[in-house]
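*Asks:* Here you go, final-v5.txt (compact mmCIF, C-alpha atoms):
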```txt
# COMPACT_ATOMS: atom_id res chain seq x y z
CA MET A 1 20.93 58.23 9.23
CA LYS A 2 20.25 61.46 11.07
CA LYS A 3 17.41 59.82 12.87
CA ASP A 4 19.74 57.32 14.38
CA HIS A 5 21.69 60.03 16.04
CA LYS A 6 18.57 61.30 17.73
CA ASN A 7 17.76 57.81 18.96
CA LYS A 8 17.84 57.67 22.73
CA PHE A 9 17.78 53.90 22.91
CA LYS A 10 20.98 52.01 23.49
CA THR A 11 22.07 48.47 22.81
CA PRO A 12 24.56 46.37 24.77
CA GLU A 13 28.08 46.71 23.55
CA GLY A 14 28.93 44.57 20.57
CA TYR A 15 25.24 43.64 20.12
CA PHE A 16 25.19 44.02 16.38
CA ASP A 17 28.65 42.51 15.91
CA SER A 18 27.63 39.24 17.43
CA PHE A 19 24.05 39.29 16.14
CA HIS A 20 24.68 37.08 13.14
CA GLU A 21 26.52 34.53 15.23
CA ARG A 22 23.78 34.30 17.77
CA LEU A 23 21.13 34.05 15.09
CA MET A 24 22.92 31.10 13.50
CA ASP A 25 23.25 29.42 16.89
CA LYS A 26 19.54 29.80 17.39
CA ILE A 27 18.75 28.36 13.95
CA ASN A 28 21.04 25.39 14.53
CA GLU A 29 19.45 24.82 17.89
CA GLU A 30 16.01 24.73 16.34
CA GLU A 31 17.14 22.42 13.59
CA ASN A 32 18.56 20.06 16.17
CA GLU A 33 15.34 20.27 18.08
CA GLN A 34 13.47 19.13 14.99
CA GLY A 35 16.01 16.43 14.31
CA LYS A 36 15.43 15.13 17.79
CA SER A 37 12.32 13.29 16.61
CA ILE A 38 12.49 9.77 17.85
CA ILE A 39 11.88 8.47 14.32
CA PRO A 40 15.22 8.01 12.51
CA LYS A 41 15.78 10.10 9.39
CA SER A 42 16.92 7.17 7.32
CA ASP A 43 15.48 3.68 7.23
CA GLY A 44 18.76 1.93 6.53
CA PHE A 45 18.05 0.35 3.17
CA SER A 46 20.81 0.18 0.58
CA VAL A 47 21.23 -1.21 -2.93
CA PRO A 48 23.99 -3.21 -4.60
CA GLU A 49 26.73 -1.07 -6.10
CA GLU A 50 25.88 0.30 -9.54
CA TYR A 51 22.41 -1.23 -9.37
CA PHE A 52 20.74 1.84 -10.82
CA ASP A 53 23.42 2.33 -13.47
CA THR A 54 22.99 -1.16 -14.78
CA PHE A 55 19.23 -1.43 -14.33
CA LYS A 56 17.51 -2.47 -17.55
CA VAL A 57 13.97 -3.58 -18.16
CA GLU A 58 13.62 -6.79 -20.10
CA THR A 59 10.71 -5.82 -22.29
CA LYS A 60 11.62 -8.77 -24.47
CA GLU A 61 9.77 -10.90 -21.98
CA VAL A 62 6.65 -9.65 -23.66
CA LYS A 63 6.84 -12.03 -26.59
CA VAL A 64 4.15 -11.80 -29.18
CA VAL A 65 5.84 -14.28 -31.50
CA GLN A 66 4.85 -17.38 -29.65
CA LEU A 67 1.19 -16.51 -29.78
CA LYS A 68 1.23 -16.22 -33.55
CA SER A 69 2.43 -19.77 -34.14
CA TYR A 70 -0.53 -21.02 -32.16
CA LYS A 71 -2.90 -18.69 -33.91
CA LYS A 72 -4.36 -21.36 -36.19
CA PHE A 73 -4.79 -23.69 -33.29
CA TYR A 74 -6.58 -20.98 -31.31
CA TYR A 75 -8.90 -20.24 -34.21
CA SER A 76 -9.91 -23.87 -34.61
CA ALA A 77 -10.26 -24.32 -30.87
CA ALA A 78 -12.44 -21.23 -30.74
CA ALA A 79 -14.54 -22.52 -33.61
CA ILE A 80 -15.10 -25.89 -31.93
CA ALA A 81 -15.93 -24.17 -28.66
CA ALA A 82 -18.37 -21.91 -30.43
CA ILE A 83 -20.14 -24.88 -31.98
CA PHE A 84 -20.46 -26.57 -28.59
CA ILE A 85 -21.79 -23.40 -27.01
CA LEU A 86 -24.30 -23.01 -29.82
CA ILE A 87 -25.53 -26.61 -29.54
CA PHE A 88 -25.79 -26.54 -25.77
CA GLY A 89 -27.13 -23.02 -25.76
CA LEU A 90 -29.95 -23.97 -28.09
CA THR A 91 -30.87 -27.30 -26.56
CA TRP A 92 -30.36 -26.40 -22.93
CA LYS A 93 -33.50 -24.63 -21.92
CA THR A 94 -32.94 -22.82 -18.72
CA ASP A 95 -36.10 -21.12 -17.63
CA ALA A 96 -34.97 -19.67 -14.34
CA PRO A 97 -32.36 -16.96 -14.39
CA ILE A 98 -29.34 -17.54 -12.19
CA THR A 99 -29.94 -16.22 -8.70
CA PHE A 100 -27.87 -15.71 -5.62
CA GLU A 101 -29.09 -19.06 -4.26
CA ASP A 102 -27.44 -20.86 -7.17
CA LEU A 103 -24.02 -19.88 -5.90
CA VAL A 104 -22.36 -22.73 -4.12
CA SER A 105 -21.54 -21.60 -0.62
CA ALA A 106 -17.99 -22.84 -1.08
CA GLU A 107 -17.61 -20.33 -3.89
CA ILE A 108 -18.85 -17.54 -1.69
CA ASP A 109 -16.46 -18.61 1.05
CA ALA A 110 -13.60 -18.75 -1.44
CA TYR A 111 -14.49 -15.29 -2.70
CA PHE A 112 -14.36 -13.78 0.76
CA GLU A 113 -11.17 -15.63 1.53
CA THR A 114 -9.29 -14.51 -1.55
CA THR A 115 -10.73 -11.04 -2.07
CA GLU A 116 -9.46 -8.16 -0.08
CA LEU A 117 -12.68 -6.49 1.02
CA ASP A 118 -10.89 -3.64 2.67
CA MET A 119 -13.87 -2.91 4.85
CA SER A 120 -13.60 -1.67 8.36
CA THR A 121 -15.83 -2.95 11.14
CA TYR A 122 -17.86 0.23 10.84
CA GLU A 123 -18.37 -0.21 7.12
CA ILE A 124 -19.56 -3.78 7.62
CA ALA A 125 -21.89 -2.56 10.35
CA GLU A 126 -23.36 -0.09 7.90
CA VAL A 127 -24.19 -2.81 5.41
CA VAL A 128 -25.42 -5.39 7.88
CA SER A 129 -27.70 -3.77 10.39
CA LEU A 130 -27.43 -5.04 13.92
CA ASN A 131 -31.18 -5.52 14.30
CA SER A 132 -31.44 -7.99 11.47
CA LEU A 133 -28.60 -10.08 12.85
CA GLU A 134 -29.19 -12.88 15.32
CA VAL A 135 -26.36 -14.45 17.25
CA ASN A 136 -27.23 -17.79 15.66
CA ASP A 137 -26.58 -16.36 12.18
CA VAL A 138 -22.87 -16.42 12.77
CA LEU A 139 -22.69 -19.69 14.67
CA ASP A 140 -22.53 -23.15 13.17
CA ASN A 141 -24.35 -24.76 16.07
CA ALA A 142 -27.37 -22.94 17.35
CA LEU A 143 -27.13 -21.82 20.95
CA LYS A 144 -30.12 -22.45 23.11
CA ASP A 145 -31.23 -19.77 25.54
CA GLU A 146 -30.83 -22.08 28.48
CA ASN A 147 -27.22 -22.81 27.48
CA ILE A 148 -26.48 -19.13 27.33
CA LEU A 149 -28.04 -18.57 30.74
CA GLU A 150 -26.16 -21.51 32.16
CA TYR A 151 -22.89 -20.15 30.79
CA LEU A 152 -23.55 -16.71 32.18
CA ASP A 153 -24.54 -18.18 35.52
CA GLU A 154 -21.27 -20.04 35.77
CA ASN A 155 -18.94 -17.43 34.39
CA VAL A 156 -20.32 -14.05 35.32
CA GLU A 157 -19.65 -13.03 38.89
CA ASP A 158 -22.80 -11.09 39.46
CA ILE A 159 -25.47 -12.06 37.01
CA GLU A 160 -27.75 -9.32 38.34
CA ASP A 161 -25.42 -6.74 36.82
CA LEU A 162 -26.43 -7.84 33.36
CA ASN A 163 -30.00 -6.62 33.97
CA LEU A 164 -31.48 -9.57 32.17
CA ASP A 165 -35.15 -9.43 31.45
CA TYR A 166 -36.20 -12.73 32.94
CA ASN A 167 -39.79 -12.36 31.79
CA TYR A 168 -38.50 -12.83 28.29
CA TYR A 169 -37.21 -16.29 29.08
CA GLU A 170 -40.20 -17.49 31.03
CA MET B 171 12.05 17.47 -15.48
CA ILE B 172 10.88 15.98 -18.73
CA ALA B 173 7.78 17.13 -20.53
CA GLU B 174 5.37 14.37 -19.65
CA GLU B 175 2.89 14.82 -22.44
CA ALA B 176 5.52 14.69 -25.15
CA LEU B 177 7.02 11.59 -23.58
CA VAL B 178 3.66 9.84 -23.41
CA ASN B 179 3.05 10.61 -27.08
CA LYS B 180 6.44 9.24 -28.01
CA LEU B 181 5.75 6.13 -25.97
CA LYS B 182 2.58 5.51 -27.89
CA GLU B 183 4.25 5.68 -31.27
CA LYS B 184 6.06 2.63 -32.58
CA GLU B 185 9.14 4.36 -33.98
CA SER B 186 9.95 6.46 -30.95
CA GLN B 187 8.78 3.92 -28.37
CA ALA B 188 12.04 2.18 -27.49
CA LYS B 189 13.97 5.40 -26.99
CA ALA B 190 11.17 7.04 -25.02
CA PHE B 191 10.84 3.99 -22.82
CA GLU B 192 14.51 4.18 -21.99
CA VAL B 193 14.09 7.81 -20.94
CA LEU B 194 11.07 6.86 -18.85
CA VAL B 195 12.92 4.05 -17.10
CA ASN B 196 15.94 6.23 -16.39
CA THR B 197 13.81 9.05 -15.07
CA TYR B 198 11.71 7.01 -12.71
CA LYS B 199 13.67 3.89 -11.82
CA GLU B 200 15.17 5.22 -8.60
CA ARG B 201 12.04 6.82 -7.24
CA LEU B 202 9.90 3.80 -8.02
CA TYR B 203 12.56 1.44 -6.68
CA TRP B 204 12.58 3.11 -3.27
CA HIS B 205 8.82 3.20 -3.20
CA ILE B 206 8.65 -0.54 -3.90
CA ARG B 207 11.58 -1.42 -1.65
CA ARG B 208 9.87 0.18 1.33
CA ILE B 209 6.88 -2.05 0.78
CA VAL B 210 8.57 -5.37 0.00
CA LEU B 211 11.72 -4.66 2.11
CA ASN B 212 14.02 -7.10 0.31
CA HIS B 213 16.26 -5.91 -2.55
CA ASP B 214 15.77 -8.90 -4.86
CA ASP B 215 12.01 -8.75 -4.47
CA ALA B 216 12.09 -5.00 -5.10
CA ASP B 217 14.09 -5.62 -8.27
CA ASP B 218 11.51 -8.17 -9.49
CA VAL B 219 8.59 -5.90 -8.73
CA LEU B 220 10.32 -2.91 -10.35
CA GLN B 221 10.82 -4.97 -13.52
CA ASN B 222 7.18 -6.04 -13.50
CA THR B 223 6.05 -2.48 -12.91
CA PHE B 224 7.92 -1.18 -15.94
CA ILE B 225 6.71 -4.09 -18.06
CA LYS B 226 3.12 -3.28 -17.05
CA VAL B 227 3.72 0.37 -17.90
CA TYR B 228 5.18 -0.66 -21.27
CA LYS B 229 2.24 -2.91 -22.06
CA ASN B 230 -0.44 -0.50 -20.92
CA ILE B 231 0.88 2.86 -22.04
CA GLY B 232 -1.55 2.70 -24.96
CA GLY B 233 -4.41 2.76 -22.51
CA PHE B 234 -3.00 5.64 -20.49
CA LYS B 235 -5.53 8.39 -20.91
CA GLY B 236 -3.71 11.17 -19.18
CA ASP B 237 -6.48 12.05 -16.70
CA SER B 238 -3.82 11.64 -14.05
CA LYS B 239 -0.15 12.43 -14.22
CA LEU B 240 2.18 9.82 -15.66
CA TYR B 241 4.22 9.49 -12.47
CA SER B 242 1.16 9.03 -10.27
CA TRP B 243 -0.13 6.40 -12.68
CA MET B 244 3.21 4.58 -12.46
CA TYR B 245 3.35 4.91 -8.68
CA ARG B 246 -0.12 3.39 -8.58
CA ILE B 247 1.01 0.45 -10.67
CA ALA B 248 4.11 0.05 -8.48
CA THR B 249 2.01 0.14 -5.31
CA ASN B 250 -0.45 -2.43 -6.60
CA GLU B 251 2.31 -4.67 -7.93
CA SER B 252 4.11 -4.57 -4.57
CA LEU B 253 1.01 -5.35 -2.52
CA THR B 254 -0.02 -8.13 -4.90
CA PHE B 255 3.51 -9.51 -4.76
CA LEU B 256 3.37 -9.71 -0.97
CA LYS B 257 -0.04 -11.34 -1.06
CA GLN B 258 1.14 -13.98 -3.53
CA LYS B 259 4.24 -14.57 -1.47
CA SER B 260 2.30 -15.19 1.72
CA LYS B 261 -0.05 -17.50 -0.14
CA LYS B 262 2.84 -19.45 -1.64
CA MET B 263 4.43 -19.83 1.76
CA GLY B 264 1.09 -20.73 3.29
CA ILE B 265 1.29 -18.09 5.99
CA SER B 266 -0.82 -15.07 6.89
CA ASP B 267 0.02 -11.52 5.78
CA GLU B 268 1.04 -10.67 9.33
CA GLU B 269 3.33 -13.68 9.59
CA LEU B 270 4.93 -12.73 6.28
CA LYS B 271 5.56 -9.15 7.49
CA MET B 272 7.27 -10.50 10.58
CA SER B 273 9.40 -12.96 8.62
CA LEU B 274 10.45 -10.19 6.21
CA ILE B 275 11.66 -8.13 9.15
CA GLU B 276 13.45 -11.13 10.63
CA ASN B 277 15.26 -11.56 7.32
CA LEU B 278 16.33 -7.91 7.34
CA GLN B 279 18.75 -8.68 10.15
CA SER B 280 20.83 -10.85 7.86
CA ASP B 281 20.20 -8.77 4.71
CA VAL B 282 23.45 -7.39 3.30
CA TYR B 283 21.53 -4.51 1.76
CA PHE B 284 20.06 -3.39 5.03
CA GLU B 285 22.44 -1.22 6.98
CA GLY B 286 20.01 -0.25 9.66
CA ASP B 287 20.80 -0.46 13.34
CA GLU B 288 18.51 -1.52 16.15
CA ILE B 289 16.39 1.62 15.99
CA GLN B 290 15.84 1.26 12.26
CA LEU B 291 14.89 -2.38 12.72
CA LYS B 292 12.45 -1.34 15.38
CA LEU B 293 11.09 1.28 13.01
CA GLN B 294 10.34 -1.48 10.49
CA LYS B 295 8.54 -3.43 13.20
CA ALA B 296 6.53 -0.34 14.05
CA LEU B 297 5.67 0.17 10.37
CA ALA B 298 4.51 -3.44 10.12
CA THR B 299 1.88 -2.79 12.78
CA LEU B 300 0.28 -0.02 10.71
CA PRO B 301 -2.55 -0.58 8.22
CA ASP B 302 -1.23 -0.64 4.61
CA LYS B 303 -2.54 2.81 3.78
CA GLN B 304 -1.06 4.48 6.85
CA LYS B 305 2.27 2.83 6.20
CA LEU B 306 2.24 3.99 2.57
CA VAL B 307 1.36 7.57 3.49
CA PHE B 308 4.07 7.62 6.14
CA THR B 309 6.89 6.28 3.97
CA MET B 310 5.89 8.43 1.00
CA LYS B 311 5.86 11.56 3.13
CA TYR B 312 8.67 10.89 5.57
CA PHE B 313 11.24 9.00 3.52
CA GLN B 314 10.32 9.79 -0.07
CA GLU B 315 9.49 13.39 0.84
CA MET B 316 6.52 13.54 -1.50
CA LYS B 317 3.98 16.35 -1.27
CA TYR B 318 0.49 15.59 0.01
CA GLU B 319 -0.88 16.60 -3.39
CA GLU B 320 1.30 14.00 -5.10
CA ILE B 321 0.44 11.28 -2.59
CA SER B 322 -3.20 12.20 -3.01
CA GLU B 323 -3.00 11.48 -6.74
CA VAL B 324 -1.25 8.15 -6.25
CA LEU B 325 -3.46 6.82 -3.48
CA GLU B 326 -6.61 8.53 -4.75
CA THR B 327 -7.36 9.88 -1.30
CA SER B 328 -8.11 13.46 -0.27
CA VAL B 329 -5.28 15.57 1.12
CA GLY B 330 -7.20 16.02 4.37
CA ALA B 331 -7.55 12.29 4.91
CA LEU B 332 -3.86 11.81 4.09
CA LYS B 333 -2.80 14.39 6.66
CA ALA B 334 -4.91 12.64 9.27
CA SER B 335 -3.40 9.25 8.30
CA TYR B 336 0.12 10.65 8.46
CA HIS B 337 -0.45 12.23 11.83
CA LEU B 338 -1.88 8.98 13.20
CA ALA B 339 1.02 6.99 11.75
CA VAL B 340 3.63 9.28 13.32
CA LYS B 341 1.91 9.06 16.69
CA LYS B 342 1.71 5.26 16.53
CA ILE B 343 5.34 4.89 15.42
CA GLU B 344 6.57 7.23 18.15
CA THR B 345 4.64 5.33 20.77
CA TYR B 346 6.04 2.05 19.47
CA LEU B 347 9.61 3.34 19.43
CA LYS B 348 9.32 4.77 22.94
CA ALA B 349 7.99 1.53 24.36
CA ASP B 350 10.52 -1.15 25.29
```
Kindly transcribe the structure held in the file into structure tokens.

*Replies:*
Amino acid sequence: MKKDHKNKFKTPEGYFDSFHERLMDKINEEENEQGKSIIPKSDGFSVPEEYFDTFKVETKEVKVVQLKSYKKFYYSAAAIAAIFILIFGLTWKTDAPITFEDLVSAEIDAYFETTELDMSTYEIAEVVSLNSLEVNDVLDNALKDENILEYLDENVEDIEDLNLDYNYYE
Amino acid sequence: MIAEEALVNKLKEKESQAKAFEVLVNTYKERLYWHIRRIVLNHDDADDVLQNTFIKVYKNIGGFKGDSKLYSWMYRIATNESLTFLKQKSKKMGISDEELKMSLIENLQSDVYFEGDEIQLKLQKALATLPDKQKLVFTMKYFQEMKYEEISEVLETSVGALKASYHLAVKKIETYLKAD
């Protein structure tokens, strides 16, 4: 305390009295600043009244009973199926193992259509290298060079800008 | 907070299963509901998916190995169920995922359980333009106030990548909201 008396520095009158008030103002200001984000704090969804209080999971949906009554049927069906598989498996001599070529292209198409590959353009580019890909690989009807040139001639303003190597086409 | 390990053990045992499941449902129903609701947007759909999520949890608790936390495992199931639900819905309606997203937002305007104003509707439109992962990270962080570590366990993505996704999402949403 004695030290304070020796202190030569002064503060404006009432500085410490109003310090707390000013501090709180500053904090509020900063909080408002943060709250000023253009993204709303709530997304506006609500639930029916007492939804959570009355929420119950119907685990009874998972019925095991029904399966049991069919158990005998399943066993006999499995037995018959097994016999068929055995007969065909023994008589059907398949020499060649199944290869990628055996896949019907419709099945491959269906696979790509229904399966989420979740690959970005870059990831696809990593798997399929650009050098091994020809433009005709992705087209149903092959494009002839002269058609391409004709198209470019008609649609590109200054064909010279493309720096085409004409020797290649001659 | 409930002791997870003890609860999991009780869930695996026949005698204590029903009671433990009730505790599990009551502990997580709200959190999972809001997680699902923000993906499927509509209350009735969210209710369906929440039911399915808990049924899946109930059926598969025996296979829960405990390498991850119970809640992150359940969040994962909820996320997958919600995304699958949307995919099936778009297929049933014969429209693309994008068209479905737009129609879901259109429906929000007449949804009694959506109290949002114009800005909140616009926010949903902005969210619909984001890739699934970015949208998930954003809603989990911004609205569900989950920690990056928790989100990381649910989405099985590194914290660093999540922070980058979140940052990108915020930027995109802000740009969308500022534009007229």

*Asks:* For chain A, report every residue with an atom at most 9 Å from chain B (counting only C-alpha atoms), formatted as a list of chain:residue names.

*Replies:* A:Ser37, A:Ile38, A:Ile39, A:Pro40, A:Lys41, A:Ser42, A:Asp43, A:Gly44, A:Phe45, A:Ser46, A:Val47, A:Pro48, A:Phe52, A:Asp53, A:Phe55, A:Lys56, A:Val57, A:Glu58, A:Thr59, A:Glu61, A:Val62

*Asks:* Suppose we keep C-alpha atoms; can you now write the selection as a PDB file, keeping the file's coordinate frame?

*Replies:*
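In the end it all went to again.pdb:
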```pdb
ATOM      1  CA  SER A  37      12.320  13.290  16.610  1.00  0.00           C
ATOM      2  CA  ILE A  38      12.490   9.770  17.850  1.00  0.00           C
ATOM      3  CA  ILE A  39      11.880   8.470  14.320  1.00  0.00           C
ATOM      4  CA  PRO A  40      15.220   8.010  12.510  1.00  0.00           C
ATOM      5  CA  LYS A  41      15.780  10.100   9.390  1.00  0.00           C
ATOM      6  CA  SER A  42      16.920   7.170   7.320  1.00  0.00           C
ATOM      7  CA  ASP A  43      15.480   3.680   7.230  1.00  0.00           C
ATOM      8  CA  GLY A  44      18.760   1.930   6.530  1.00  0.00           C
ATOM      9  CA  PHE A  45      18.050   0.350   3.170  1.00  0.00           C
ATOM     10  CA  SER A  46      20.810   0.180   0.580  1.00  0.00           C
ATOM     11  CA  VAL A  47      21.230  -1.210  -2.930  1.00  0.00           C
ATOM     12  CA  PRO A  48      23.990  -3.210  -4.600  1.00  0.00           C
ATOM     13  CA  PHE A  52      20.740   1.840 -10.820  1.00  0.00           C
ATOM     14  CA  ASP A  53      23.420   2.330 -13.470  1.00  0.00           C
ATOM     15  CA  PHE A  55      19.230  -1.430 -14.330  1.00  0.00           C
ATOM     16  CA  LYS A  56      17.510  -2.470 -17.550  1.00  0.00           C
ATOM     17  CA  VAL A  57      13.970  -3.580 -18.160  1.00  0.00           C
ATOM     18  CA  GLU A  58      13.620  -6.790 -20.100  1.00  0.00           C
ATOM     19  CA  THR A  59      10.710  -5.820 -22.290  1.00  0.00           C
ATOM     20  CA  GLU A  61       9.770 -10.900 -21.980  1.00  0.00           C
ATOM     21  CA  VAL A  62       6.650  -9.650 -23.660  1.00  0.00           C
TER      22      VAL A  62
END
```

*Asks:* What is the distance, in Å and to one decimal place, between CA of Leu256 (chain B) and CA of Val210 (chain B)?

*Replies:*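 Those two atoms sit 6.8 Å apart.
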
*Asks:* So what do you get for CA of Leu270 (chain B) versus CA of Ala298 (chain B), distance-wise?

*Replies:*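 Here the two named atoms are 10.1 Å from each other.
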
*Asks:* So what do you get for CA of Met272 (chain B) versus CA of Leu306 (chain B), distance-wise?

*Replies:*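 Here the two named atoms are 17.3 Å from each other.
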
*Asks:* Restricting the calculation to all atoms listed in the file: of B:Phe255, B:Lys182, B:Ser328, B:Glu288, which residue gets closest to Val307 (chain B)?

*Replies:* B:Ser328

*Asks:* Taking 5 positions as the minimum chain separation for residues in the same chain, which residues sit within 12 Å of Phe234 (chain B) when counting only C-alpha atoms? Answer as a list in words.

*Replies:*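 Selected residues are Glu175, Val178, Asn179, Leu181, Lys182, Lys226, Val227, Tyr228, Lys229, Lys239, Leu240, Tyr241, Ser242, Trp243, Met244 and Ile247 of chain B.
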